[in-house]
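Working notes, structure below.
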Amino acid sequence: MGDSDSGSTTGIYEQDGYKIFYEKVGKGPCVVCMFPGACGNGRADLGPQLDGFNKEKFTLIAFDSPGFGYSRPPERDYRKHAEEKFFYQYDAETAVKLMAHLGYDNFNVMGWSDGGKSALLTPILFPAKIEKLVVWGTLAYIPDKYKDMWKILCTLEMWTEDKRATYTKIYGDRPTLEKIWYQHMMYTMSTSDICKERVKEIKCPTFVLHGKKDTMIPKEFYDHLVNNIPDCESYLFQDGVHDINVTHAEQFNRMVQKFLLD
């Protein structure tokens with residue numbers, strides 16, 4: 001749709017009544033599709049990567065999940081996702097269709113937090129299309145023992161003031177953001193097995209990163225991915241929390257770029 005001073009291009013891809021917003025940055029041969037977190041926006045969640053990756057070596061496409069961020073209206077219809085896992089499968093399928101629309105049949109995938117769930121499913125569902133996978137702060141299953149904790153943690157009051165302000169601007173007002181966030185968290189709590197066993201089917205080289213002090217996603221989920229994905233590299237930030245791509249952006253970017261280019 002337009003170009004910014006930073007060299008990025010934004011556009012809309014229409015699918016199933018959704019107008020899916022995406023931002024494209026860079027002109028390099030290493031092409032990466034990027035999933036933001038829950039209810040997320042590519043720029044808000046992945047800005048340090050969109051700005052920090054080498055634009056001569058990488059082409060980055062970050063999109064807002066259907067029904068969230070700038071990919072609305074309409075808002076996500078959870079009645080269409082009554083079958084467990086379908087929500088995340090739909091986003092994985094959306095990513096592949098978006099990339100095909102943009103002319104990319106093969107590409108790399110990056111995903112953070114809730115977006116990491118869909119990122120994990122992408123090479124499982126489309127093994128011939130995904131070259132490498134990078135995920136951080138994410139999981140492949142949701143045990144009941146953590147659901148009460150997440151109901152407390154996953155409120156807007158737990159967000160930083162800056163993040164609340166950024167997302168309130170994206171969603172137009174705080175009540176709308178609170179409603180959409182609550183609906184998504186309730187859907188999340190209704191799921192359990194996203195791809196716990198199926199991560200063993202991931203054939204592409206994978207890099208799993210995590211913050212040891214992440215209170216949203218305990219380390220056991222990082223250990224599960226590292227121990228079950230066949231071709232897996234890993235790195236644990238000893239003082240990292242949930243958004244290591246922001247708090248440790250320079251080191252994160254350096255390590256992930258090297259992994260993708262090697």
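Please note that chains go A, B, ... in the order of the structure tokens, that every chain numbers its residues from 1, and that ligands are numbered from 1 in the order shown.
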Backbone-only DSSP, strand (DSSP E) members of range 16-249 of chain A, as a VMD selection string: chain A and resid 18 to 25 30 to 35 58 to 63 107 to 112 130 to 136 206 to 211 232 to 237
Ala38 in chain A environment, 8 Å, only C-alpha atoms, sequence neighbours closer than 5 positions dropped, as a PyMOL selection string: chain A and resi 113-115+184
Leaving out range 174-182 of chain A and any residue of its chain fewer than 4 positions from it, which residues lie within 12 Å of it when counting only C-alpha atoms, given as a ChimeraX atom specification? /A:37-40,67-69,72-78,150-157,159,163-170,186-189
Expected file contents, prior selection, N, CA, C and O atoms, as a tab-separated table (two decimals), in the first residue's frame:
```tsv
chain	number	residue	atom	x	y	z
A	37	GLY	N	3.04	-11.90	18.48
A	37	GLY	CA	2.38	-12.59	19.59
A	37	GLY	C	0.88	-12.47	19.55
A	37	GLY	O	0.28	-12.00	18.58
A	38	ALA	N	0.23	-12.87	20.65
A	38	ALA	CA	-1.23	-12.89	20.74
A	38	ALA	C	-1.81	-11.50	20.51
A	38	ALA	O	-1.34	-10.53	21.10
A	39	CYS	N	-2.83	-11.42	19.66
A	39	CYS	CA	-3.51	-10.16	19.33
A	39	CYS	C	-2.52	-9.14	18.77
A	39	CYS	O	-2.77	-7.94	18.82
A	40	GLY	N	-1.40	-9.62	18.24
A	40	GLY	CA	-0.27	-8.75	17.97
A	40	GLY	C	-0.25	-8.06	16.63
A	40	GLY	O	-1.00	-8.36	15.71
A	67	GLY	N	-8.08	-10.90	12.00
A	67	GLY	CA	-8.97	-10.48	13.08
A	67	GLY	C	-8.29	-9.75	14.21
A	67	GLY	O	-8.95	-9.37	15.19
A	68	PHE	N	-6.96	-9.51	14.08
A	68	PHE	CA	-6.21	-8.83	15.12
A	68	PHE	C	-5.40	-7.67	14.54
A	68	PHE	O	-5.17	-7.61	13.32
A	69	GLY	N	-4.93	-6.79	15.42
A	69	GLY	CA	-4.10	-5.68	14.96
A	69	GLY	C	-4.77	-4.88	13.88
A	69	GLY	O	-5.92	-4.47	14.00
A	72	ARG	N	-8.13	-6.13	10.79
A	72	ARG	CA	-9.51	-6.04	11.23
A	72	ARG	C	-10.03	-4.65	10.89
A	72	ARG	O	-9.23	-3.74	10.71
A	73	PRO	N	-11.37	-4.47	10.74
A	73	PRO	CA	-12.39	-5.50	10.94
A	73	PRO	C	-12.42	-6.50	9.79
A	73	PRO	O	-11.86	-6.22	8.75
A	74	PRO	N	-13.11	-7.66	9.98
A	74	PRO	CA	-13.81	-8.05	11.20
A	74	PRO	C	-12.85	-8.61	12.26
A	74	PRO	O	-11.70	-8.93	11.95
A	75	GLU	N	-13.34	-8.71	13.50
A	75	GLU	CA	-12.57	-9.36	14.54
A	75	GLU	C	-12.62	-10.87	14.33
A	75	GLU	O	-13.44	-11.39	13.59
A	76	ARG	N	-11.70	-11.56	14.97
A	76	ARG	CA	-11.64	-13.02	14.83
A	76	ARG	C	-12.92	-13.66	15.35
A	76	ARG	O	-13.41	-13.31	16.43
A	77	ASP	N	-13.48	-14.59	14.59
A	77	ASP	CA	-14.70	-15.30	14.96
A	77	ASP	C	-14.30	-16.65	15.55
A	77	ASP	O	-13.96	-17.58	14.82
A	78	TYR	N	-14.36	-16.76	16.87
A	78	TYR	CA	-13.93	-18.00	17.52
A	78	TYR	C	-14.89	-19.15	17.29
A	78	TYR	O	-14.53	-20.31	17.52
A	150	TRP	N	-1.95	-18.29	34.28
A	150	TRP	CA	-2.01	-17.46	33.08
A	150	TRP	C	-3.23	-16.56	33.07
A	150	TRP	O	-3.19	-15.47	32.53
A	151	LYS	N	-4.32	-17.00	33.69
A	151	LYS	CA	-5.50	-16.15	33.77
A	151	LYS	C	-5.20	-14.88	34.57
A	151	LYS	O	-5.74	-13.82	34.30
A	152	ILE	N	-4.30	-15.00	35.54
A	152	ILE	CA	-3.91	-13.84	36.34
A	152	ILE	C	-2.89	-12.99	35.59
A	152	ILE	O	-3.00	-11.76	35.54
A	153	LEU	N	-1.91	-13.64	34.99
A	153	LEU	CA	-0.82	-12.91	34.32
A	153	LEU	C	-1.29	-12.24	33.04
A	153	LEU	O	-0.81	-11.14	32.71
A	154	CYS	N	-2.19	-12.90	32.33
A	154	CYS	CA	-2.57	-12.40	31.00
A	154	CYS	C	-3.69	-11.37	31.09
A	154	CYS	O	-4.80	-11.60	30.59
A	155	THR	N	-3.43	-10.26	31.74
A	155	THR	CA	-4.35	-9.14	31.78
A	155	THR	C	-3.59	-7.89	31.35
A	155	THR	O	-2.35	-7.85	31.40
A	156	LEU	N	-4.32	-6.88	30.95
A	156	LEU	CA	-3.66	-5.65	30.52
A	156	LEU	C	-2.89	-5.00	31.65
A	156	LEU	O	-1.93	-4.26	31.41
A	157	GLU	N	-3.27	-5.28	32.89
A	157	GLU	CA	-2.57	-4.69	34.03
A	157	GLU	C	-1.15	-5.22	34.14
A	157	GLU	O	-0.30	-4.58	34.76
A	159	TRP	N	0.73	-5.69	31.54
A	159	TRP	CA	1.50	-5.11	30.44
A	159	TRP	C	2.23	-3.87	30.93
A	159	TRP	O	1.83	-3.21	31.89
A	163	LYS	N	3.46	-0.59	26.31
A	163	LYS	CA	2.78	-1.58	25.47
A	163	LYS	C	1.28	-1.33	25.46
A	163	LYS	O	0.64	-1.42	24.40
A	164	ARG	N	0.71	-1.02	26.61
A	164	ARG	CA	-0.73	-0.72	26.64
A	164	ARG	C	-1.06	0.47	25.75
A	164	ARG	O	-2.05	0.46	25.01
A	165	ALA	N	-0.20	1.49	25.79
A	165	ALA	CA	-0.45	2.69	24.97
A	165	ALA	C	-0.34	2.36	23.49
A	165	ALA	O	-1.16	2.81	22.68
A	166	THR	N	0.67	1.57	23.12
A	166	THR	CA	0.86	1.20	21.72
A	166	THR	C	-0.33	0.42	21.20
A	166	THR	O	-0.87	0.71	20.11
A	167	TYR	N	-0.79	-0.57	21.96
A	167	TYR	CA	-1.88	-1.42	21.49
A	167	TYR	C	-3.24	-0.74	21.59
A	167	TYR	O	-4.14	-1.02	20.79
A	168	THR	N	-3.40	0.18	22.54
A	168	THR	CA	-4.64	0.95	22.58
A	168	THR	C	-4.77	1.79	21.32
A	168	THR	O	-5.86	1.92	20.75
A	169	LYS	N	-3.66	2.32	20.85
A	169	LYS	CA	-3.67	3.10	19.61
A	169	LYS	C	-4.02	2.21	18.42
A	169	LYS	O	-4.81	2.60	17.53
A	170	ILE	N	-3.46	1.01	18.37
A	170	ILE	CA	-3.73	0.08	17.27
A	170	ILE	C	-5.20	-0.33	17.24
A	170	ILE	O	-5.84	-0.38	16.18
A	186	MET	N	-9.34	-16.49	26.76
A	186	MET	CA	-10.29	-17.55	27.10
A	186	MET	C	-10.22	-18.68	26.07
A	186	MET	O	-10.33	-19.86	26.43
A	187	TYR	N	-10.03	-18.33	24.80
A	187	TYR	CA	-9.85	-19.38	23.80
A	187	TYR	C	-8.57	-20.17	24.08
A	187	TYR	O	-8.56	-21.40	24.03
A	188	THR	N	-7.50	-19.45	24.39
A	188	THR	CA	-6.22	-20.11	24.67
A	188	THR	C	-6.36	-21.09	25.82
A	188	THR	O	-5.85	-22.21	25.77
A	189	MET	N	-7.07	-20.68	26.88
A	189	MET	CA	-7.23	-21.55	28.03
A	189	MET	C	-8.08	-22.78	27.73
A	189	MET	O	-8.05	-23.76	28.47
```
Nearest residue to Asp64 in chain A out of A:Asp162, A:Asp45, A:Glu93, A:Asp173, using only C-alpha atoms?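 Answer, going by the shortest atom-to-atom distance: A:Asp45.
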In terms of only C-alpha atoms, the residue from A:Val96, A:Leu133, A:Val32, A:Ile12 at minimal distance from Tyr70 in chain A is A:Ile12
Could you go through range 36-73 of chain A and tell me which residues DSSP, when run on the backbone, assigns to alpha helix (DSSP H), listing them as a PyMOL selection string? chain A and resi 42-52
Output N, CA, C and O atoms for every residue in that selection, as a compact mmCIF listing (two decimals), in the first residue's frame.
```
# COMPACT_ATOMS: atom_id res chain seq x y z
N GLY A 42 2.78 -6.78 13.79
CA GLY A 42 4.15 -7.07 13.43
C GLY A 42 5.13 -6.00 13.88
O GLY A 42 6.17 -6.29 14.48
N ARG A 43 4.82 -4.75 13.61
CA ARG A 43 5.71 -3.65 13.96
C ARG A 43 5.85 -3.51 15.48
O ARG A 43 6.95 -3.33 16.00
N ALA A 44 4.74 -3.62 16.20
CA ALA A 44 4.78 -3.45 17.65
C ALA A 44 5.55 -4.56 18.34
O ALA A 44 6.29 -4.32 19.30
N ASP A 45 5.40 -5.80 17.87
CA ASP A 45 6.04 -6.95 18.52
C ASP A 45 7.43 -7.24 17.99
O ASP A 45 8.28 -7.76 18.72
N LEU A 46 7.65 -6.96 16.71
CA LEU A 46 8.88 -7.40 16.05
C LEU A 46 9.69 -6.25 15.47
O LEU A 46 10.56 -6.46 14.63
N GLY A 47 9.42 -5.04 15.94
CA GLY A 47 10.11 -3.87 15.44
C GLY A 47 11.63 -3.95 15.49
O GLY A 47 12.30 -3.57 14.52
N PRO A 48 12.23 -4.45 16.58
CA PRO A 48 13.69 -4.54 16.63
C PRO A 48 14.28 -5.44 15.55
O PRO A 48 15.44 -5.26 15.16
N GLN A 49 13.51 -6.40 15.08
CA GLN A 49 13.98 -7.26 13.99
C GLN A 49 13.73 -6.60 12.64
O GLN A 49 14.61 -6.62 11.76
N LEU A 50 12.58 -6.00 12.46
CA LEU A 50 12.29 -5.30 11.20
C LEU A 50 13.30 -4.18 10.97
O LEU A 50 13.70 -3.92 9.83
N ASP A 51 13.71 -3.52 12.03
CA ASP A 51 14.67 -2.43 11.92
C ASP A 51 16.13 -2.90 11.96
O ASP A 51 17.00 -2.27 11.37
N GLY A 52 16.37 -4.02 12.66
CA GLY A 52 17.75 -4.41 12.96
C GLY A 52 18.39 -5.43 12.04
O GLY A 52 19.62 -5.52 12.00
```
Between A:Leu120, A:Val256, A:Cys232, A:Met185, which residue has the minimum interatomic distance to Asp91 in chain A, considering only C-alpha atoms?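 Among A:Leu120, A:Val256, A:Cys232, A:Met185, it is A:Leu120 that comes nearest to Asp91 in chain A.
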Between CA of Thr59 in chain A and CA of Val25 in chain A, distance in Å (one decimal): 5.8 Å
Pick from A:Gly172, A:Pro205, A:Gly26, A:Gly111, whichever lies nearest to Ile229 in chain A using only C-alpha atoms: A:Pro205
With only C-alpha atoms as the atoms that count, which of A:Phe21, A:Phe86, A:Phe237, A:Phe58 lies nearest to Gly211 in chain A?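 Checking each candidate against Gly211 in chain A, we get A:Phe237 as the closest.
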Shell around range 61-63 of chain A at 6 Å using only C-alpha atoms, local window under 6 positions removed, as an mmCIF file with C-alpha atoms, in the first residue's frame:
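Saved to around09.cif:
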```cif
data_model
loop_
_atom_site.group_PDB
_atom_site.id
_atom_site.type_symbol
_atom_site.label_atom_id
_atom_site.label_comp_id
_atom_site.auth_asym_id
_atom_site.auth_seq_id
_atom_site.Cartn_x
_atom_site.Cartn_y
_atom_site.Cartn_z
ATOM 1 C CA PHE A 21 -2.219 -6.421 6.967
ATOM 2 C CA TYR A 22 1.481 -7.029 6.420
ATOM 3 C CA GLU A 23 4.730 -5.088 6.431
ATOM 4 C CA LYS A 24 7.622 -6.003 4.142
ATOM 5 C CA CYS A 33 7.763 -14.751 7.393
ATOM 6 C CA MET A 34 7.248 -13.438 10.933
ATOM 7 C CA GLY A 42 4.155 -7.065 13.428
#
```
How far is it from CA of Met149 in chain A to CA of Met216 in chain A, in Å with one decimal? 8.8 Å
Measuring between only C-alpha atoms, which one of A:Trp112, A:Phe107, A:Tyr171, A:Tyr146 shows the shortest distance to Leu209 in chain A?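 Smallest separation from Leu209 in chain A among the options: A:Trp112.
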